[in-house]
Structures are given as structure tokens and as C-alpha cells.
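The structure appears right after this line, and notes come after that.
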Amino acid sequence: MTKFVEALAGKIADRWMTMLVVPGVVYLVAAFVAVRLGHRRWSDLASLRAEVTDPAWRTAGTVILLLVLILAGASAAGILVQGAGTLFVRLWLMPAAAPGRRP
């Protein structure tokens with residue numbers, strides 16, 4: 001029974017990673033770059049690189065905190081986007097009401 005539970009936990013972790021965390025990280029990176037660069041400096045990658053490679057971000061506590069926040073934020077973003085996508089599909093595929101009929 002222990003092998004079965006271990007295999008099940010491995011599958012759940014794998015699905016969690018592929019379905020939520022990876023797309024969530026993409027959304028978080030895009031949002032981070034958009035907020036930091038904005039419309040006026042959209043092609044200024046040197047300032048973004050300088051900000052990301054700041055030595056203040058390299059302490060062990062900061063790195064661990066950032067990793068935890070990135071994983072939590074990526075999971076939340078993935079869940080939010082999946083929910084919004086499901087809602088959009090349900091609304092888009094909802095049957096239309098007849099023109100003369102009231103709801």
C-alpha cells in the first residue's frame with residue numbers, strides 16, 4: 001500500500017507542476033517585466049537585468065523567501081487562470097435564449 005501512495009503522490013506532484021506552476025511562473029514573469037519596464041521603457045532590458053542581479057537579492061533568506069513566494073504566486077495564478085478559462089468557456093458555449101422569450 002505504501003508504494004501505491006508514493007506513486008499517487010508522485011503523479012499528483014507532477015500534475016501540479018505541469019498544470020499550475022509552469023504556466024503560473026510564465027504569467028508572473030510577464031507581469032513582473034510589465035510592471036518594472038512599463039510602456040515607456042519596454043525595450044530597456046539593461047535596467048531590468050541590473051535590477052534582477054542586484055546583490056541585495058542574493059542572501060540566502062531572500063532567495064528562499066522569493067522561491068516560496070514564486071511557487072505560491074504561480075499556483076494561485078494558475079488556479080485563477082484555469083478558473084477564468086473555465087468560466088469563459090461555459091459562458092461562450094451557453095445556449096442562446098430565444099429572441100421573444102424572457103428568462
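All residue names refer to the C-alpha cells as shown: chains lettered A, B, ... in order, residues numbered from 1 in each chain, ligands numbered from 1 in order.
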Identify, on the basis of only C-alpha atoms, every residue whose closest approach to region 51-54 of chain A does not exceed 12 Å; exclude the query and any residue fewer than 5 positions from it along the same chain; express the result as an MDAnalysis selection string.
chainID A and resid 29 32:33 36:37 44:46 59 62:63
Dump N, CA, C and O atoms for the selected residues as a tab-separated table (two decimals), in the first residue's frame?
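Saved the output as out04.tsv:
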```
chain	number	residue	atom	x	y	z
A	29	VAL	N	6.24	36.08	-14.47
A	29	VAL	CA	7.39	36.73	-15.11
A	29	VAL	C	6.91	37.84	-16.05
A	29	VAL	O	7.47	38.93	-16.08
A	32	PHE	N	5.78	40.73	-13.92
A	32	PHE	CA	6.93	41.41	-13.31
A	32	PHE	C	7.63	42.31	-14.31
A	32	PHE	O	7.92	43.47	-14.03
A	33	VAL	N	7.87	41.78	-15.50
A	33	VAL	CA	8.54	42.57	-16.54
A	33	VAL	C	7.67	43.75	-16.96
A	33	VAL	O	8.17	44.86	-17.15
A	36	ARG	N	7.78	46.40	-14.14
A	36	ARG	CA	9.08	47.04	-13.99
A	36	ARG	C	9.46	47.91	-15.19
A	36	ARG	O	10.05	48.97	-15.03
A	37	LEU	N	9.15	47.48	-16.39
A	37	LEU	CA	9.54	48.24	-17.57
A	37	LEU	C	8.49	49.25	-18.00
A	37	LEU	O	8.81	50.35	-18.44
A	44	ASP	N	14.09	48.40	-22.58
A	44	ASP	CA	15.26	48.66	-21.75
A	44	ASP	C	15.58	47.44	-20.88
A	44	ASP	O	15.34	47.42	-19.68
A	45	LEU	N	16.12	46.42	-21.51
A	45	LEU	CA	16.43	45.19	-20.79
A	45	LEU	C	17.64	45.35	-19.88
A	45	LEU	O	17.80	44.60	-18.92
A	46	ALA	N	18.49	46.34	-20.13
A	46	ALA	CA	19.66	46.55	-19.27
A	46	ALA	C	19.23	46.97	-17.87
A	46	ALA	O	19.80	46.49	-16.88
A	59	THR	N	21.00	37.13	-0.77
A	59	THR	CA	21.16	36.50	0.53
A	59	THR	C	20.31	35.24	0.58
A	59	THR	O	19.31	35.11	-0.13
A	62	THR	N	16.58	35.73	1.53
A	62	THR	CA	15.82	36.38	0.47
A	62	THR	C	15.52	35.41	-0.67
A	62	THR	O	14.40	35.39	-1.20
A	63	VAL	N	16.49	34.59	-1.02
A	63	VAL	CA	16.30	33.62	-2.10
A	63	VAL	C	15.24	32.60	-1.72
A	63	VAL	O	14.34	32.28	-2.52
```
May I have all residues of region 1-73 of chain A that DSSP, computed from the backbone, assigns to alpha helix (DSSP H), given as a count of residues only?
53
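Shortest atom-to-atom contact with Leu69 (chain A) among A:Val21, A:Arg40, A:Gln82, A:Ala30: A:Val21, counting only C-alpha atoms.
With only C-alpha atoms as the basis for measurement, A:Tyr27 is the residue among A:Trp16, A:Tyr27, A:Gly61, A:Thr2 that approaches Leu80 (chain A) most closely.
One finds CA of Ile70 (chain A) at 21.5 Å from CA of Ser47 (chain A).
With CA of Met17 (chain A) on one side and CA of Ala31 (chain A) on the other, the separation reads 19.8 Å.
The nearest approach to Gly78 (chain A) among the residues A:Val35, A:Met94, A:Leu20, A:Ala50, with only C-alpha atoms taken into account, belongs to A:Leu20.
Across the model, the gap from CA of Ala60 (chain A) to CA of Gly10 (chain A) is 28.1 Å.
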